[in-house]
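Q: See entry_29.txt below, with compact mmCIF, C-alpha atoms (C1' of nucleotides).
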# COMPACT_ATOMS: atom_id res chain seq x y z
CA MET A 1 240.49 -44.25 -137.57
CA ASN A 2 239.09 -43.75 -141.03
CA ASP A 3 235.75 -45.36 -140.29
CA ALA A 4 232.08 -44.59 -140.62
CA VAL A 5 232.68 -41.65 -142.90
CA PRO A 6 233.22 -42.76 -146.46
CA LEU A 7 232.89 -39.23 -147.75
CA ARG A 8 235.84 -38.76 -150.00
CA ASP A 9 234.07 -35.95 -151.71
CA ARG A 10 235.08 -32.59 -150.36
CA ALA A 11 231.98 -30.78 -151.51
CA ALA A 12 229.63 -33.31 -149.97
CA ARG A 13 231.58 -33.18 -146.71
CA ARG A 14 231.32 -29.44 -146.76
CA GLU A 15 227.57 -29.64 -147.05
CA VAL A 16 227.42 -32.01 -144.11
CA LEU A 17 229.45 -29.59 -142.04
CA LEU A 18 227.20 -26.74 -143.04
CA ASP A 19 224.20 -28.84 -142.04
CA ALA A 20 225.69 -29.22 -138.58
CA ALA A 21 226.48 -25.51 -138.38
CA ASP A 22 222.93 -24.78 -139.43
CA ARG A 23 221.53 -26.90 -136.60
CA ILE A 24 223.74 -25.22 -134.02
CA VAL A 25 222.99 -21.73 -135.27
CA ARG A 26 219.28 -22.44 -135.08
CA ARG A 27 219.79 -23.64 -131.52
CA ASP A 28 222.26 -21.06 -130.20
CA GLY A 29 221.74 -18.09 -132.49
CA PRO A 30 224.71 -15.82 -133.23
CA ALA A 31 226.53 -17.16 -130.15
CA ALA A 32 227.20 -20.50 -131.82
CA SER A 33 230.79 -21.55 -131.21
CA MET A 34 233.15 -23.42 -133.48
CA ALA A 35 233.65 -26.16 -130.89
CA ALA A 36 229.90 -26.73 -130.65
CA ILE A 37 229.56 -26.96 -134.40
CA ALA A 38 232.44 -29.42 -134.64
CA ALA A 39 230.92 -31.55 -131.90
CA GLU A 40 227.54 -31.50 -133.62
CA ALA A 41 229.17 -32.69 -136.83
CA GLY A 42 230.94 -35.43 -134.89
CA ILE A 43 234.39 -34.19 -135.82
CA SER A 44 237.08 -32.07 -134.24
CA LYS A 45 237.80 -28.41 -134.68
CA PRO A 46 240.81 -28.52 -137.02
CA ILE A 47 238.68 -30.15 -139.71
CA LEU A 48 236.32 -27.22 -139.60
CA TYR A 49 239.23 -24.85 -139.89
CA ARG A 50 240.75 -26.76 -142.77
CA HIS A 51 237.50 -26.48 -144.66
CA PHE A 52 236.58 -22.90 -143.94
CA GLY A 53 239.75 -21.14 -142.90
CA ASP A 54 238.35 -19.37 -139.90
CA LYS A 55 235.11 -18.53 -138.22
CA SER A 56 234.19 -15.77 -140.61
CA GLY A 57 234.77 -18.18 -143.49
CA LEU A 58 232.32 -20.67 -142.07
CA TYR A 59 229.86 -17.92 -141.29
CA ALA A 60 230.18 -16.60 -144.81
CA ALA A 61 229.52 -20.02 -146.31
CA LEU A 62 226.53 -20.52 -144.05
CA ALA A 63 225.23 -17.05 -144.77
CA GLU A 64 225.59 -17.71 -148.46
CA ARG A 65 223.36 -20.73 -148.10
CA TYR A 66 220.72 -18.85 -146.14
CA THR A 67 220.99 -15.80 -148.28
CA THR A 68 220.69 -17.12 -151.79
CA ARG A 69 217.01 -17.84 -151.63
CA LEU A 70 216.17 -14.76 -149.61
CA LEU A 71 218.03 -12.35 -151.85
CA ASP A 72 216.36 -13.94 -154.87
CA ASP A 73 212.96 -13.54 -153.29
CA LEU A 74 213.64 -9.94 -152.43
CA GLN A 75 214.94 -9.16 -155.88
CA ALA A 76 211.87 -10.75 -157.38
CA ALA A 77 209.63 -8.71 -155.10
CA LEU A 78 211.50 -5.60 -156.14
CA ARG A 79 210.61 -6.25 -159.76
CA SER A 80 207.06 -7.40 -159.17
CA GLY A 81 203.77 -5.65 -158.62
CA THR A 82 201.79 -3.10 -160.48
CA THR A 83 202.43 0.14 -158.66
CA ARG A 84 205.54 1.26 -156.88
CA ARG A 85 203.79 1.15 -153.56
CA ASP A 86 202.78 -2.41 -154.29
CA ARG A 87 206.40 -3.30 -154.95
CA VAL A 88 207.54 -1.73 -151.71
CA GLU A 89 204.87 -3.55 -149.77
CA ARG A 90 205.77 -6.89 -151.27
CA THR A 91 209.46 -6.40 -150.65
CA ILE A 92 209.06 -5.40 -147.03
CA GLY A 93 206.59 -8.22 -146.61
CA ALA A 94 209.06 -10.74 -147.99
CA TYR A 95 211.71 -9.49 -145.61
CA LEU A 96 209.49 -9.64 -142.57
CA SER A 97 208.24 -13.07 -143.56
CA ALA A 98 211.80 -14.33 -143.52
CA ILE A 99 212.24 -12.88 -140.05
CA GLU A 100 209.05 -14.45 -138.87
CA GLU A 101 209.75 -17.91 -140.23
CA GLU A 102 213.32 -18.26 -139.02
CA PRO A 103 214.15 -15.78 -136.30
CA GLN A 104 217.37 -17.43 -135.25
CA VAL A 105 218.65 -17.48 -138.80
CA TYR A 106 217.74 -13.84 -139.18
CA ARG A 107 219.54 -12.92 -136.00
CA PHE A 108 222.57 -14.80 -137.20
CA LEU A 109 222.58 -13.05 -140.55
CA VAL A 110 222.11 -9.57 -139.25
CA HIS A 111 223.74 -9.55 -135.85
CA SER A 112 226.57 -12.03 -136.03
CA ASP A 113 229.52 -10.07 -137.32
CA GLU A 114 228.89 -6.79 -135.63
CA ALA A 115 232.09 -5.32 -134.29
CA ALA A 116 234.07 -7.71 -136.48
CA PRO A 117 237.53 -6.78 -137.70
CA ALA A 118 235.76 -5.34 -140.73
CA GLN A 119 238.61 -6.04 -143.09
CA SER A 120 236.87 -9.27 -143.94
CA GLN A 121 236.40 -9.76 -147.61
CA VAL A 122 232.97 -11.10 -146.79
CA ARG A 123 230.50 -8.33 -147.30
CA SER A 124 227.82 -8.81 -144.73
CA PHE A 125 224.29 -9.65 -145.63
CA THR A 126 223.08 -6.21 -144.65
CA ARG A 127 225.56 -4.47 -146.87
CA ARG A 128 224.83 -6.68 -149.83
CA LEU A 129 221.15 -6.11 -149.45
CA SER A 130 221.64 -2.37 -149.13
CA VAL A 131 223.71 -2.21 -152.28
CA LEU A 132 221.18 -4.33 -154.11
CA LEU A 133 218.39 -2.02 -153.08
CA ALA A 134 220.44 1.02 -153.99
CA ASP A 135 220.93 -0.38 -157.47
CA GLY A 136 217.25 -1.08 -157.74
CA ILE A 137 216.43 2.47 -156.77
CA ALA A 138 219.01 3.96 -159.09
CA THR A 139 217.56 2.12 -162.07
CA GLU A 140 213.94 2.63 -161.12
CA ILE A 141 214.12 6.37 -160.73
CA ASP A 142 217.11 8.10 -162.15
CA ALA A 143 218.66 9.32 -158.92
CA PRO A 144 222.27 10.31 -158.51
CA PRO A 145 224.30 7.40 -157.10
CA ALA A 146 224.90 9.15 -153.78
CA ARG A 147 221.19 9.55 -153.25
CA ALA A 148 220.41 5.97 -154.24
CA ALA A 149 223.13 4.65 -151.94
CA ALA A 150 221.98 6.72 -148.98
CA TRP A 151 218.40 5.65 -149.52
CA GLY A 152 219.31 2.02 -149.99
CA HIS A 153 221.24 1.81 -146.76
CA GLY A 154 218.68 3.90 -144.94
CA ILE A 155 215.70 1.85 -146.03
CA VAL A 156 217.38 -1.45 -145.22
CA GLY A 157 218.31 -0.10 -141.81
CA MET A 158 214.78 1.06 -141.25
CA VAL A 159 213.23 -2.29 -142.04
CA GLN A 160 215.85 -4.16 -140.05
CA ALA A 161 215.44 -2.00 -136.98
CA ALA A 162 211.69 -2.28 -137.12
CA GLY A 163 212.08 -6.02 -137.63
CA ASP A 164 214.32 -6.34 -134.59
CA TRP A 165 211.86 -4.43 -132.49
CA TRP A 166 209.03 -6.56 -133.80
CA LEU A 167 210.95 -9.77 -133.03
CA GLU A 168 211.51 -8.73 -129.45
CA THR A 169 208.19 -7.23 -128.57
CA GLY A 170 205.93 -8.98 -131.05
CA GLY A 171 203.36 -6.27 -130.69
CA ALA A 172 201.73 -6.26 -134.08
CA THR A 173 200.99 -8.57 -136.95
CA ARG A 174 203.27 -8.70 -139.90
CA THR A 175 200.71 -7.18 -142.20
CA GLU A 176 200.22 -4.22 -139.91
CA LEU A 177 203.93 -3.59 -139.65
CA VAL A 178 204.32 -3.79 -143.43
CA GLU A 179 201.61 -1.22 -143.80
CA GLU A 180 203.15 1.13 -141.22
CA LEU A 181 206.57 0.97 -142.79
CA THR A 182 205.29 1.40 -146.30
CA ALA A 183 203.26 4.40 -145.23
CA LEU A 184 206.33 5.86 -143.54
CA LEU A 185 208.35 5.44 -146.72
CA PHE A 186 205.67 7.16 -148.71
CA GLY A 187 205.75 10.23 -146.54
CA ALA A 188 202.90 9.51 -144.15
CA TYR A 189 204.84 11.02 -141.27
CA GLY A 190 205.67 14.18 -143.14
CA THR A 191 202.10 14.78 -144.17
CA SER A 192 200.24 13.72 -141.05
CA PRO A 193 198.15 16.44 -139.49
CA SER A 194 199.46 17.69 -136.18
CA MET B 195 250.42 -0.29 -100.59
CA ASN B 196 247.90 2.45 -100.25
CA ASP B 197 250.02 5.09 -101.92
CA ALA B 198 249.70 7.66 -104.67
CA VAL B 199 245.93 7.46 -104.74
CA PRO B 200 244.40 9.47 -101.94
CA LEU B 201 240.92 9.13 -103.40
CA ARG B 202 238.79 8.04 -100.53
CA ASP B 203 235.76 9.27 -102.32
CA ARG B 204 233.98 6.53 -104.19
CA ALA B 205 232.23 8.81 -106.62
CA ALA B 206 235.40 10.64 -107.58
CA ARG B 207 237.18 7.32 -108.03
CA ARG B 208 234.38 6.15 -110.25
CA GLU B 209 234.82 9.20 -112.46
CA VAL B 210 238.53 8.54 -112.74
CA LEU B 211 237.82 4.98 -113.82
CA LEU B 212 235.32 6.17 -116.37
CA ASP B 213 237.91 8.63 -117.67
CA ALA B 214 240.27 5.73 -118.27
CA ALA B 215 237.55 3.67 -119.92
CA ASP B 216 236.75 6.64 -122.11
CA ARG B 217 240.36 6.87 -123.28
CA ILE B 218 240.51 3.18 -124.11
CA VAL B 219 237.19 3.18 -125.91
CA ARG B 220 238.32 6.09 -128.03
CA ARG B 221 241.48 4.16 -128.84
CA ASP B 222 240.09 0.64 -129.35
CA GLY B 223 236.44 1.21 -130.16
CA PRO B 224 233.90 -1.40 -129.11
CA ALA B 225 236.67 -4.01 -128.72
CA ALA B 226 237.99 -2.33 -125.58
CA SER B 227 238.72 -4.96 -122.96
CA MET B 228 238.35 -4.78 -119.21
CA ALA B 229 242.01 -5.60 -118.69
CA ALA B 230 243.07 -2.75 -120.96
CA ILE B 231 240.82 -0.32 -119.13
CA ALA B 232 242.15 -1.42 -115.76
CA ALA B 233 245.72 -1.04 -116.99
CA GLU B 234 244.98 2.41 -118.36
CA ALA B 235 243.58 3.42 -114.98
CA GLY B 236 246.68 2.02 -113.28
CA ILE B 237 244.73 -0.49 -111.23
CA SER B 238 243.84 -4.14 -111.44
CA LYS B 239 240.72 -5.76 -112.78
CA PRO B 240 238.90 -6.64 -109.55
CA ILE B 241 238.62 -2.96 -108.67
CA LEU B 242 236.78 -2.34 -111.90
CA TYR B 243 234.46 -5.22 -111.15
CA ARG B 244 233.83 -4.04 -107.60
CA HIS B 245 232.78 -0.66 -108.93
CA PHE B 246 230.68 -1.68 -111.90
CA GLY B 247 229.66 -5.28 -111.32
CA ASP B 248 230.49 -6.55 -114.75
CA LYS B 249 231.35 -5.39 -118.20
CA SER B 250 227.84 -4.38 -119.12
CA GLY B 251 227.69 -2.32 -115.94
CA LEU B 252 230.78 -0.38 -116.89
CA TYR B 253 229.54 -0.01 -120.43
CA ALA B 254 226.22 1.25 -119.17
CA ALA B 255 227.88 3.84 -116.94
CA LEU B 256 230.09 4.99 -119.77
CA ALA B 257 227.20 5.07 -122.19
CA GLU B 258 225.23 7.11 -119.71
CA ARG B 259 228.01 9.66 -119.68
CA TYR B 260 228.21 9.85 -123.46
CA THR B 261 224.50 9.74 -123.89
CA THR B 262 223.23 12.43 -121.59
CA ARG B 263 224.35 15.35 -123.70
CA LEU B 264 223.47 13.71 -126.99
CA LEU B 265 219.97 12.71 -125.96
CA ASP B 266 219.38 16.21 -124.64
CA ASP B 267 220.56 17.72 -127.90
CA LEU B 268 218.34 15.41 -129.89
CA GLN B 269 215.34 16.10 -127.73
CA ALA B 270 215.93 19.82 -128.09
CA ALA B 271 216.18 19.45 -131.85
CA LEU B 272 212.95 17.50 -131.84
CA ARG B 273 211.21 20.43 -130.21
CA SER B 274 212.89 23.16 -132.20
CA GLY B 275 212.39 24.68 -135.60
CA THR B 276 209.50 26.21 -137.37
CA THR B 277 208.23 23.54 -139.70
CA ARG B 278 208.16 19.83 -139.20
CA ARG B 279 210.62 19.34 -141.99
CA ASP B 280 212.93 21.77 -140.27
CA ARG B 281 212.69 19.79 -137.06
CA VAL B 282 213.49 16.56 -138.84
CA GLU B 283 216.46 18.12 -140.55
CA ARG B 284 217.84 19.51 -137.33
CA THR B 285 217.42 16.23 -135.50
CA ILE B 286 219.09 14.14 -138.17
CA GLY B 287 221.78 16.78 -138.43
CA ALA B 288 222.44 16.63 -134.70
CA TYR B 289 222.73 12.86 -134.85
CA LEU B 290 225.11 12.88 -137.79
CA SER B 291 227.17 15.62 -136.19
CA ALA B 292 227.68 13.41 -133.17
CA ILE B 293 228.81 10.60 -135.45
CA GLU B 294 231.15 12.91 -137.28
CA GLU B 295 232.75 14.40 -134.21
CA GLU B 296 233.35 11.21 -132.26
CA PRO B 297 233.18 8.17 -134.50
CA GLN B 298 234.70 5.78 -131.99
CA VAL B 299 232.25 6.82 -129.32
CA TYR B 300 229.40 6.40 -131.75
CA ARG B 301 230.58 2.93 -132.70
CA PHE B 302 230.80 2.04 -129.06
CA LEU B 303 227.30 3.27 -128.32
CA VAL B 304 225.61 1.61 -131.24
CA HIS B 305 227.63 -1.51 -131.91
CA SER B 306 229.00 -2.60 -128.56
CA ASP B 307 226.35 -4.78 -127.04
CA GLU B 308 225.07 -6.47 -130.12
CA ALA B 309 224.49 -10.15 -129.53
CA ALA B 310 224.61 -9.55 -125.79
CA PRO B 311 222.70 -11.79 -123.40
CA ALA B 312 219.86 -9.32 -123.86
CA GLN B 313 218.56 -9.87 -120.36
CA SER B 314 220.59 -6.88 -119.36
CA GLN B 315 218.59 -4.32 -117.50
CA VAL B 316 220.52 -1.69 -119.42
CA ARG B 317 218.41 -0.60 -122.32
CA SER B 318 220.76 0.15 -125.14
CA PHE B 319 221.23 3.59 -126.52
CA THR B 320 219.47 2.69 -129.74
CA ARG B 321 216.42 1.43 -127.95
CA ARG B 322 216.22 4.45 -125.68
CA LEU B 323 216.48 6.77 -128.61
CA SER B 324 213.85 4.85 -130.55
CA VAL B 325 211.40 5.01 -127.68
CA LEU B 326 212.10 8.70 -127.22
CA LEU B 327 211.40 9.37 -130.86
CA ALA B 328 208.28 7.23 -130.76
CA ASP B 329 206.97 9.32 -127.88
CA GLY B 330 207.78 12.47 -129.77
CA ILE B 331 205.90 11.24 -132.79
CA ALA B 332 202.95 10.07 -130.76
CA THR B 333 202.53 13.48 -129.16
CA GLU B 334 203.23 15.48 -132.31
CA ILE B 335 200.70 13.76 -134.49
CA ASP B 336 198.12 11.70 -132.76
CA ALA B 337 199.14 8.31 -134.05
CA PRO B 338 198.20 5.00 -132.46
CA PRO B 339 201.03 3.76 -130.20
CA ALA B 340 201.83 0.83 -132.47
CA ARG B 341 202.35 3.13 -135.40
CA ALA B 342 204.44 5.57 -133.41
CA ALA B 343 206.60 2.76 -132.06
CA ALA B 344 207.13 1.20 -135.48
CA TRP B 345 208.03 4.56 -136.95
CA GLY B 346 210.31 5.47 -134.09
CA HIS B 347 212.34 2.31 -134.34
CA GLY B 348 212.32 2.42 -138.11
CA ILE B 349 213.50 6.00 -138.38
CA VAL B 350 216.28 5.50 -135.84
CA GLY B 351 217.38 2.41 -137.72
CA MET B 352 217.34 4.30 -140.96
CA VAL B 353 219.52 7.12 -139.70
CA GLN B 354 221.88 4.73 -137.95
CA ALA B 355 222.33 2.53 -140.99
CA ALA B 356 222.93 5.52 -143.21
CA GLY B 357 225.32 6.88 -140.62
CA ASP B 358 227.27 3.63 -140.50
CA TRP B 359 227.54 3.57 -144.25
CA TRP B 360 228.63 7.19 -144.25
CA LEU B 361 231.27 6.51 -141.59
CA GLU B 362 232.77 3.70 -143.63
CA THR B 363 232.65 5.14 -147.10
CA GLY B 364 232.63 8.84 -146.34
CA GLY B 365 231.20 9.59 -149.73
CA ALA B 366 229.15 12.70 -149.08
CA THR B 367 229.08 15.71 -146.83
CA ARG B 368 226.94 15.69 -143.74
CA THR B 369 224.63 18.33 -145.11
CA GLU B 370 223.99 16.33 -148.24
CA LEU B 371 223.21 13.19 -146.30
CA VAL B 372 220.85 15.07 -144.01
CA GLU B 373 219.03 16.36 -147.04
CA GLU B 374 218.78 12.92 -148.65
CA LEU B 375 217.42 11.30 -145.51
CA THR B 376 214.97 14.07 -144.81
CA ALA B 377 213.69 13.88 -148.36
CA LEU B 378 213.34 10.13 -148.04
CA LEU B 379 211.30 10.54 -144.86
CA PHE B 380 209.05 13.02 -146.58
CA GLY B 381 208.19 10.62 -149.34
CA ALA B 382 210.64 11.67 -152.00
CA TYR B 383 211.14 8.08 -153.04
CA GLY B 384 207.46 7.36 -153.30
CA THR B 385 206.80 10.37 -155.46
CA SER B 386 209.88 10.40 -157.66
CA PRO B 387 209.15 10.08 -161.37
CA SER B 388 210.23 6.81 -162.85
C1' DA C 389 259.19 -52.37 -148.21
C1' DC C 390 259.18 -47.67 -147.90
C1' DG C 391 258.48 -42.66 -148.17
C1' DT C 392 254.58 -39.55 -148.79
C1' DC C 393 250.24 -37.64 -148.72
C1' DC C 394 245.83 -37.26 -146.59
C1' DT C 395 242.73 -37.38 -142.89
C1' DG C 396 242.02 -37.36 -138.34
C1' DT C 397 243.16 -36.61 -133.50
C1' DT C 398 244.86 -34.46 -128.91
C1' DA C 399 246.75 -30.90 -126.71
C1' DC C 400 248.11 -26.65 -126.60
C1' DC C 401 248.40 -21.05 -127.11
C1' DG C 402 246.99 -16.33 -125.96
C1' DG C 403 243.16 -13.50 -124.72
C1' DC C 404 238.68 -12.80 -122.96
C1' DG C 405 235.18 -11.96 -118.88
C1' DG C 406 234.95 -12.93 -114.23
C1' DT C 407 236.35 -14.40 -109.37
C1' DA C 408 238.65 -16.65 -105.27
C1' DA C 409 242.03 -16.10 -102.13
C1' DC C 410 245.30 -13.69 -99.96
C1' DA C 411 248.22 -9.20 -98.22
C1' DC C 412 248.34 -4.75 -96.15
C1' DT C 413 246.75 -0.70 -93.79
C1' DC C 414 243.92 1.80 -91.08
C1' DT C 415 240.80 2.19 -87.31
C1' DG C 416 238.35 1.51 -83.04
C1' DA C 417 237.35 -1.27 -78.61
C1' DG C 418 239.11 -3.34 -74.56
C1' DC D 419 249.27 -1.27 -76.23
C1' DT D 420 247.02 -4.90 -78.49
C1' DC D 421 244.24 -7.07 -81.34
C1' DA D 422 239.94 -7.92 -84.26
C1' DG D 423 237.84 -6.43 -88.26
C1' DA D 424 236.63 -3.70 -92.22
C1' DG D 425 238.38 -1.80 -96.56
C1' DT D 426 241.31 -1.69 -100.33
C1' DG D 427 244.54 -3.60 -103.04
C1' DT D 428 246.95 -7.46 -105.43
C1' DT D 429 248.11 -12.04 -107.77
C1' DA D 430 246.68 -16.01 -109.61
C1' DC D 431 243.39 -18.66 -111.09
C1' DC D 432 238.80 -20.63 -113.76
C1' DG D 433 236.31 -21.77 -117.97
C1' DC D 434 235.42 -20.50 -122.59
C1' DC D 435 236.62 -18.66 -126.93
C1' DG D 436 239.05 -18.65 -131.72
C1' DG D 437 242.89 -20.68 -133.74
C1' DT D 438 247.00 -23.88 -134.43
C1' DA D 439 251.06 -27.02 -133.78
C1' DA D 440 252.33 -31.53 -133.51
C1' DC D 441 251.55 -35.98 -133.94
C1' DA D 442 249.11 -40.82 -135.38
C1' DG D 443 247.79 -43.88 -138.80
C1' DG D 444 245.76 -45.62 -143.23
C1' DA D 445 246.09 -45.42 -148.69
C1' DC D 446 249.05 -45.68 -152.27
C1' DG D 447 252.62 -45.15 -155.96
C1' DT D 448 257.37 -46.68 -156.79
Can the structure in the file be given as structure tokens, please?

A:
Amino acid sequence: MNDAVPLRDRAARREVLLDAADRIVRRDGPAASMAAIAAEAGISKPILYRHFGDKSGLYAALAERYTTRLLDDLQAALRSGTTRRDRVERTIGAYLSAIEEEPQVYRFLVHSDEAAPAQSQVRSFTRRLSVLLADGIATEIDAPPARAAAWGHGIVGMVQAAGDWWLETGGATRTELVEELTALLFGAYGTSPS
Amino acid sequence: MNDAVPLRDRAARREVLLDAADRIVRRDGPAASMAAIAAEAGISKPILYRHFGDKSGLYAALAERYTTRLLDDLQAALRSGTTRRDRVERTIGAYLSAIEEEPQVYRFLVHSDEAAPAQSQVRSFTRRLSVLLADGIATEIDAPPARAAAWGHGIVGMVQAAGDWWLETGGATRTELVEELTALLFGAYGTSPS
DNA sequence: ACGTCCTGTTACCGGCGGTAACACTCTGAG
DNA sequence: CTCAGAGTGTTACCGCCGGTAACAGGACGT
């Protein structure tokens, strides 16, 4: 039964499988199952497992695909702009734009491997982004590494939580939310009159 | 076979079941299974389901138990202190203390129902806390509701993300982390020299 | 012609959340 | 005393999940 699929090339096959996984993730969100992905690709489960090892392997490969562009964009935003506040605004804006354009993909990236065994060698998207931001902060201002790390993780968590809330309730426009979060980061809460 | 358990009282029985669930959650974290909880309580699964409906019902009841004291503490911290910065420090400190004292319980509260069907009537701990903080902010400074909501969710996300990172890496003391996060909220990043 | 590798399948495993169906005891009415 | 019924308990099952063993058949070098 070696018909209809003349793909001898492993890499090309892999891309086709990831295409199928992508379609299912966009349809089912983080609840996408291996069986559904295999069916979508027109193959059976063991092939998936031979290519990706296990579910977290497939998820990692798919996340890599989604992530590359986004992380590049964010890194670019981090280095752009004239003032620091401008940089922060652009970076948060880029993040929220990604959420807005592809909510299911965002949910998959951020909320898929919660409560996972955690010994996975695949650092999650959130962690990678946090570390990246921490590095950015450490080089921008000369902060001790502990401070930069705490801030990096904290800021990413802040934007993600606000993004989740925004996705669910959809109360404000993206621009407004960017402005609120930027203001918060620049101490607007601490200095507001009571 | 109605032996060894003279508990005719539904409420008391419920507490006993929650005690068992508590033990298993402390042992297994968010991966605790219904079968394990039933076994720990010395009963069979259907009894659990008759008492709590389904897994999210049990989780909600257990979360309620964990949450009551913590939310009270946090609300008290929000209203305490002399300066606003003092209040923020105390509140973040109370949150991180809870993480430090009972990490498994914290993990259960924050990371158990991720990727859940979401139509659950049980608002998660994170959401409840965010709304509570948003209300606090809205009454403390007169901010428009959208701003207070965005800030509430963002700040809770920030502290949670930093807390998760702290739990995993354990790099700093609680007091240090509280100081870093408070400084961040008061604009230390925005005003640091580059 | 034949063993071997590769690609593909079906069919299974254990564990999960959740439930149907049945067993036993206790109680109250006739 | 007897018998229906309500509770309370159990076992055994369902479907779905992630993951794998075991097998089927074509491609190919010797």

Q: Please identify every residue of chain C that has at least one atom no more than 10 Å from any atom of chain A, counting all atoms listed in the file, and report them as a list of chain:residue names.

A: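 My answer is C:DT395, C:DG396, C:DT397, C:DT398.
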
Q: Produce a table with one row for each residue of chain A that has an atom at most 6 Å from any atom of chain B, each row naming the nearest atom pair and its distance in Å at one decimal; use all atoms listed in the file; arrange rows by chain and rising residue number; format as JSON lines.

A:
{"residue": "A:Glu140", "atom": "CA", "partner": "B:Ser388", "partner_atom": "CA", "distance": 5.9}
{"residue": "A:Ile141", "atom": "CA", "partner": "B:Ser388", "partner_atom": "CA", "distance": 4.5}
{"residue": "A:Ala150", "atom": "CA", "partner": "B:Ala356", "partner_atom": "CA", "distance": 6.0}
{"residue": "A:His153", "atom": "CA", "partner": "B:Ala356", "partner_atom": "CA", "distance": 5.4}
{"residue": "A:Gly154", "atom": "CA", "partner": "B:Met352", "partner_atom": "CA", "distance": 4.2}
{"residue": "A:Ile155", "atom": "CA", "partner": "B:Met352", "partner_atom": "CA", "distance": 5.9}
{"residue": "A:Gly157", "atom": "CA", "partner": "B:Met352", "partner_atom": "CA", "distance": 4.6}
{"residue": "A:Met158", "atom": "CA", "partner": "B:Met352", "partner_atom": "CA", "distance": 4.1}
{"residue": "A:Ala161", "atom": "CA", "partner": "B:Gly351", "partner_atom": "CA", "distance": 4.9}
{"residue": "A:Ala162", "atom": "CA", "partner": "B:Gly348", "partner_atom": "CA", "distance": 4.8}
{"residue": "A:Leu185", "atom": "CA", "partner": "B:Gly381", "partner_atom": "CA", "distance": 5.8}
{"residue": "A:Phe186", "atom": "CA", "partner": "B:Gly381", "partner_atom": "CA", "distance": 4.3}
{"residue": "A:Gly187", "atom": "CA", "partner": "B:Gly381", "partner_atom": "CA", "distance": 3.7}
{"residue": "A:Gly190", "atom": "CA", "partner": "B:Phe380", "partner_atom": "CA", "distance": 5.0}
{"residue": "A:Ser194", "atom": "CA", "partner": "B:Ile335", "partner_atom": "CA", "distance": 4.5}

Q: I need the chain D residues near chain B as a count of residues only; criterion: at most 10 Å, counting all atoms listed in the file.

A: 4

Q: Please define a box with edges along x, y and z of the file around all atoms of range 290-295 of chain B given in the file, extend it by 4 Å on each side, and return its centre and edge lengths in Å to one decimal, as JSON.

A:
{"center_x": 228.9, "center_y": 13.1, "center_z": -135.5, "size_x": 15.6, "size_y": 13.0, "size_z": 12.6}

Q: Just the number, please: distance in Å from C1' of DG406 in chain C to CA of Asp248 in chain B, one decimal.

A: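 We find that C1' of DG406 in chain C and CA of Asp248 in chain B lie 7.8 Å from each other.
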
Q: What gap, in Å, lies between CA of Ser97 in chain A and CA of Asp135 in chain A?

A: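 Value for the CA of Ser97 in chain A-CA of Asp135 in chain A distance: 22.7 Å.
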
Q: What's the separation between CA of Ala38 in chain A and CA of Ala98 in chain A, in Å to one decimal place?

A: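 Separation of CA of Ala38 in chain A and CA of Ala98 in chain A: 27.1 Å.
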
Q: Identify the residues around (248.0, -28.1, -126.8) within a radius of 10 Å, measuring from only C-alpha atoms (C1' of nucleotides) in the coordinates stated by the file, and give them as JSON, numbers by chain.

A: {"C": [398, 399, 400, 401], "D": [438, 439, 440]}

Q: Using only C-alpha atoms for the distances, tell me which of A:Asp19, A:Arg87, A:Ser124, A:Leu167 is nearest to Ser56 in chain A.

A: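 For Ser56 in chain A, the nearest of the given residues is A:Ser124.
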
Q: Just the residues within 12 Å of DG423 in chain D, please, counting only C-alpha atoms (C1' of nucleotides), with nothing from its chain fewer than 3 positions along; format it as a PyMOL selection string.

A: chain C and resi 413-417

Q: If we count only C-alpha atoms (C1' of nucleotides) and set the cut-off at 12 Å, which residues sit around DC446 in chain D, ignoring sequence neighbours fewer than 5 positions away in its own chain? Please answer as a ChimeraX atom specification.

A: /C:390-394
